[in-house]
Amino acid sequence: MAWAGDTPCDEHAGLLNHPWKMMKNKICLITGATSGIGSATALALAKKDATVIVAGRNLKRCQAIITKIKNETGNPDVDYLLADLSVQMQVRVLAAEFQSRYERLDVLVNNAGAIFFRRQFSADGIEMTFALNHLAYFLLTELLLDTLKASAPARIVNVASNSHYGQHLDFDNLELTRGYNPGRAYGRSKLANLYFTYELARHLEAEGTGVAVNAMHPGFVRTNIAANNGCLVRLFLPLVHLSSLTPEEGARTAVYLASSPEVEGVTGKYFIREWEVASDPVSYDESAAKRLWEVSEEMTKLSRR
């Protein structure tokens with residue numbers, strides 16, 4: 001399977017005209033898409049002729065990225081939706097607005113996320129890392145699930161991270177009221193992404209929906225994910241990223257999971273560099289995944305389907 005800088009191999013040559021390879025009439029929603037991995041994913045899918053909707057929280061950045069994508073691809077079917085995904089009411093408004101504009105959703109890429117060096121709270125009073133990196137994925141996906149099912153075969157791609165390795169969820173201290181550490185908070189939120197991915201895959205398979213959901217690790221990518229933590233962090237980011245991947249390289253696996261015929265029907269898996277790999281053994285704990293699902297329903301005020 002190809003990776004950044006590789007020459008496409010013969011096994012891919014016959015796939016160029018596959019309906020998932022060129023995605024005309026496919027509608028894709030990508031969160032956190034005004035920069036970094038999200039914008040690179042949006043650009044790549046627009047190049048495949050998909051209808052692309054970017055979700056971001058800054059109006060000027062949303063307008064700038066859709067202009068850039070249209071100019072670079074010649075694809076006029078690029079739009080944006082505005083929302084701060086750490087705020088549950090805004091997630092609900094975004095989902096409702098999407099459904100009012102579009103009758104189908106073929107691909108949802110949950111990408112928006114951040115790391116917070118000090119403990120902060122969302123507008124809903126929830127620790128910010130957990131609110132943005134996990135609950136936003138959970139809530140937006142659940143709100144759009146009926147649309148995804150009606151559009152099947154459809155795909156959900158959850159951008160996770162290998163930062164989940166070595167982590168565990170303490171359900172008595174889920175928001176790190178005690179012992180907050182930004183790396184721990186981030187790693188646990190990425191473990192939550194995997195629990196959610198695997199549990200959702202079990203639900204969707206049991207229902208025979210034709211909706212696939214997979215998670216992926218983009219690699220250490222040159223993005224602004226930590227730039228929200230002050231001027232000193234922004235000053236040192238270029239040094240930190242001297243050996244990191246470009247956003248385009250980091251987006252490769254997300255684009256692969258969103259569009260490749262090779263993974264059609266594949267669900268409940270974890271990918272790195274377009275390869276299916278095993279995540280940390282703790283991430284396969286079904287009882288923990290079910291408990292997180294129930295807690296997430298309570299925290300987002302959703303009822304079990």
# chains A, B, ... in the order shown; residues from 1 in each chain; ligands from 1
call {"tool": "select_by_dssp", "arguments": {"residues": "range 29-125 of chain A", "states": "alpha helix (DSSP H)", "output": "PyMOL selection string"}}
result
chain A and resi 36-47+59-73+88-101
call {"tool": "write_last_selection", "arguments": {"atoms": "N, CA and C atoms", "output": "compact mmCIF listing (two decimals), in the first residue's frame"}}
result
# COMPACT_ATOMS: atom_id res chain seq x y z
N GLY A 36 -4.20 22.14 8.71
CA GLY A 36 -3.62 20.86 9.07
C GLY A 36 -4.18 19.67 8.32
N ILE A 37 -4.35 18.55 9.04
CA ILE A 37 -4.80 17.30 8.45
C ILE A 37 -6.19 17.46 7.85
N GLY A 38 -7.06 18.20 8.53
CA GLY A 38 -8.42 18.37 8.05
C GLY A 38 -8.49 19.07 6.71
N SER A 39 -7.75 20.15 6.55
CA SER A 39 -7.78 20.87 5.27
C SER A 39 -7.13 20.05 4.17
N ALA A 40 -6.07 19.31 4.51
CA ALA A 40 -5.42 18.46 3.51
C ALA A 40 -6.36 17.33 3.07
N THR A 41 -7.13 16.79 4.00
CA THR A 41 -8.12 15.76 3.67
C THR A 41 -9.20 16.33 2.77
N ALA A 42 -9.69 17.51 3.12
CA ALA A 42 -10.73 18.16 2.32
C ALA A 42 -10.24 18.43 0.90
N LEU A 43 -9.02 18.92 0.78
CA LEU A 43 -8.44 19.21 -0.54
C LEU A 43 -8.32 17.94 -1.38
N ALA A 44 -7.83 16.87 -0.76
CA ALA A 44 -7.64 15.61 -1.49
C ALA A 44 -8.97 15.04 -1.96
N LEU A 45 -10.00 15.11 -1.14
CA LEU A 45 -11.31 14.58 -1.53
C LEU A 45 -11.96 15.46 -2.60
N ALA A 46 -11.72 16.78 -2.52
CA ALA A 46 -12.23 17.67 -3.56
C ALA A 46 -11.56 17.38 -4.90
N LYS A 47 -10.29 16.99 -4.86
CA LYS A 47 -9.59 16.62 -6.10
C LYS A 47 -10.19 15.38 -6.73
N LEU A 59 -14.99 31.92 10.97
CA LEU A 59 -15.62 32.23 9.70
C LEU A 59 -14.60 32.57 8.62
N LYS A 60 -13.64 33.44 8.91
CA LYS A 60 -12.67 33.86 7.90
C LYS A 60 -11.83 32.68 7.43
N ARG A 61 -11.46 31.81 8.35
CA ARG A 61 -10.66 30.64 7.96
C ARG A 61 -11.47 29.67 7.11
N CYS A 62 -12.74 29.50 7.45
CA CYS A 62 -13.62 28.64 6.64
C CYS A 62 -13.74 29.20 5.22
N GLN A 63 -13.98 30.49 5.12
CA GLN A 63 -14.12 31.10 3.80
C GLN A 63 -12.82 31.01 3.01
N ALA A 64 -11.69 31.20 3.71
CA ALA A 64 -10.39 31.15 3.03
C ALA A 64 -10.08 29.75 2.52
N ILE A 65 -10.38 28.73 3.32
CA ILE A 65 -10.02 27.37 2.90
C ILE A 65 -10.90 26.89 1.75
N ILE A 66 -12.18 27.24 1.75
CA ILE A 66 -13.01 26.78 0.62
C ILE A 66 -12.64 27.51 -0.67
N THR A 67 -12.22 28.76 -0.54
CA THR A 67 -11.72 29.48 -1.72
C THR A 67 -10.46 28.83 -2.25
N LYS A 68 -9.55 28.48 -1.34
CA LYS A 68 -8.29 27.82 -1.73
C LYS A 68 -8.58 26.48 -2.41
N ILE A 69 -9.47 25.69 -1.83
CA ILE A 69 -9.76 24.37 -2.39
C ILE A 69 -10.41 24.51 -3.77
N LYS A 70 -11.34 25.42 -3.91
CA LYS A 70 -11.98 25.63 -5.21
C LYS A 70 -10.97 26.05 -6.25
N ASN A 71 -10.07 26.97 -5.88
CA ASN A 71 -9.08 27.47 -6.83
C ASN A 71 -8.09 26.39 -7.25
N GLU A 72 -7.69 25.54 -6.29
CA GLU A 72 -6.67 24.53 -6.59
C GLU A 72 -7.23 23.31 -7.31
N THR A 73 -8.52 23.05 -7.13
CA THR A 73 -9.10 21.83 -7.71
C THR A 73 -10.03 22.08 -8.88
N GLN A 88 -21.81 21.69 22.76
CA GLN A 88 -22.78 20.70 22.28
C GLN A 88 -23.94 21.32 21.51
N MET A 89 -24.41 22.47 21.90
CA MET A 89 -25.49 23.11 21.16
C MET A 89 -25.05 23.45 19.75
N GLN A 90 -23.81 23.87 19.59
CA GLN A 90 -23.32 24.19 18.25
C GLN A 90 -23.14 22.92 17.40
N VAL A 91 -22.79 21.81 18.03
CA VAL A 91 -22.73 20.54 17.30
C VAL A 91 -24.12 20.18 16.78
N ARG A 92 -25.13 20.38 17.62
CA ARG A 92 -26.51 20.06 17.23
C ARG A 92 -26.97 20.98 16.09
N VAL A 93 -26.61 22.24 16.17
CA VAL A 93 -27.00 23.18 15.11
C VAL A 93 -26.30 22.80 13.81
N LEU A 94 -25.01 22.44 13.89
CA LEU A 94 -24.27 22.05 12.69
C LEU A 94 -24.92 20.83 12.03
N ALA A 95 -25.27 19.84 12.83
CA ALA A 95 -25.89 18.63 12.28
C ALA A 95 -27.22 18.96 11.62
N ALA A 96 -28.02 19.80 12.28
CA ALA A 96 -29.33 20.17 11.73
C ALA A 96 -29.17 20.97 10.45
N GLU A 97 -28.19 21.87 10.42
CA GLU A 97 -27.95 22.68 9.23
C GLU A 97 -27.48 21.80 8.06
N PHE A 98 -26.60 20.84 8.38
CA PHE A 98 -26.15 19.92 7.33
C PHE A 98 -27.35 19.18 6.74
N GLN A 99 -28.20 18.66 7.60
CA GLN A 99 -29.34 17.87 7.13
C GLN A 99 -30.36 18.71 6.38
N SER A 100 -30.40 20.00 6.67
CA SER A 100 -31.31 20.87 5.93
C SER A 100 -30.80 21.18 4.52
N ARG A 101 -29.47 21.10 4.33
CA ARG A 101 -28.87 21.42 3.04
C ARG A 101 -28.66 20.20 2.16
call {"tool": "select_by_dssp", "arguments": {"residues": "range 61-274 of chain A", "states": "strand (DSSP E)", "output": "list in words"}}
result
Val78, Asp79, Tyr80, Leu81, Leu82, Val107, Leu108, Val109, Asn110, Ala154, Arg155, Ile156, Val157, Asn158, Val159, Val211, Ala212, Val213, Asn214, Ala215, Met216, His217, Tyr270, Phe271 and Ile272 of chain A
call {"tool": "residues_around", "arguments": {"residues": "range 157-164 of chain A", "least_positions_apart": "6", "cutoff": "8 Å", "atoms": "only C-alpha atoms", "output": "list in words"}}
result
Val107, Leu108, Val109, Asn110, Asn111, Tyr137, Tyr186, Gly187, Arg188, Ser189, Lys190, Leu191, Asn193, Leu194, Thr197, Val213, Asn214, Ala215, Met216, His217, Pro218, Gly219, Ala254, Leu257, Ala258, Ser279 and Asp280 of chain A
call {"tool": "closest_residue", "arguments": {"among": "A:Thr31, A:Thr267, A:Asn133, A:Asn58", "to": "Leu204 in chain A", "atoms": "only C-alpha atoms"}}
result
A:Thr267
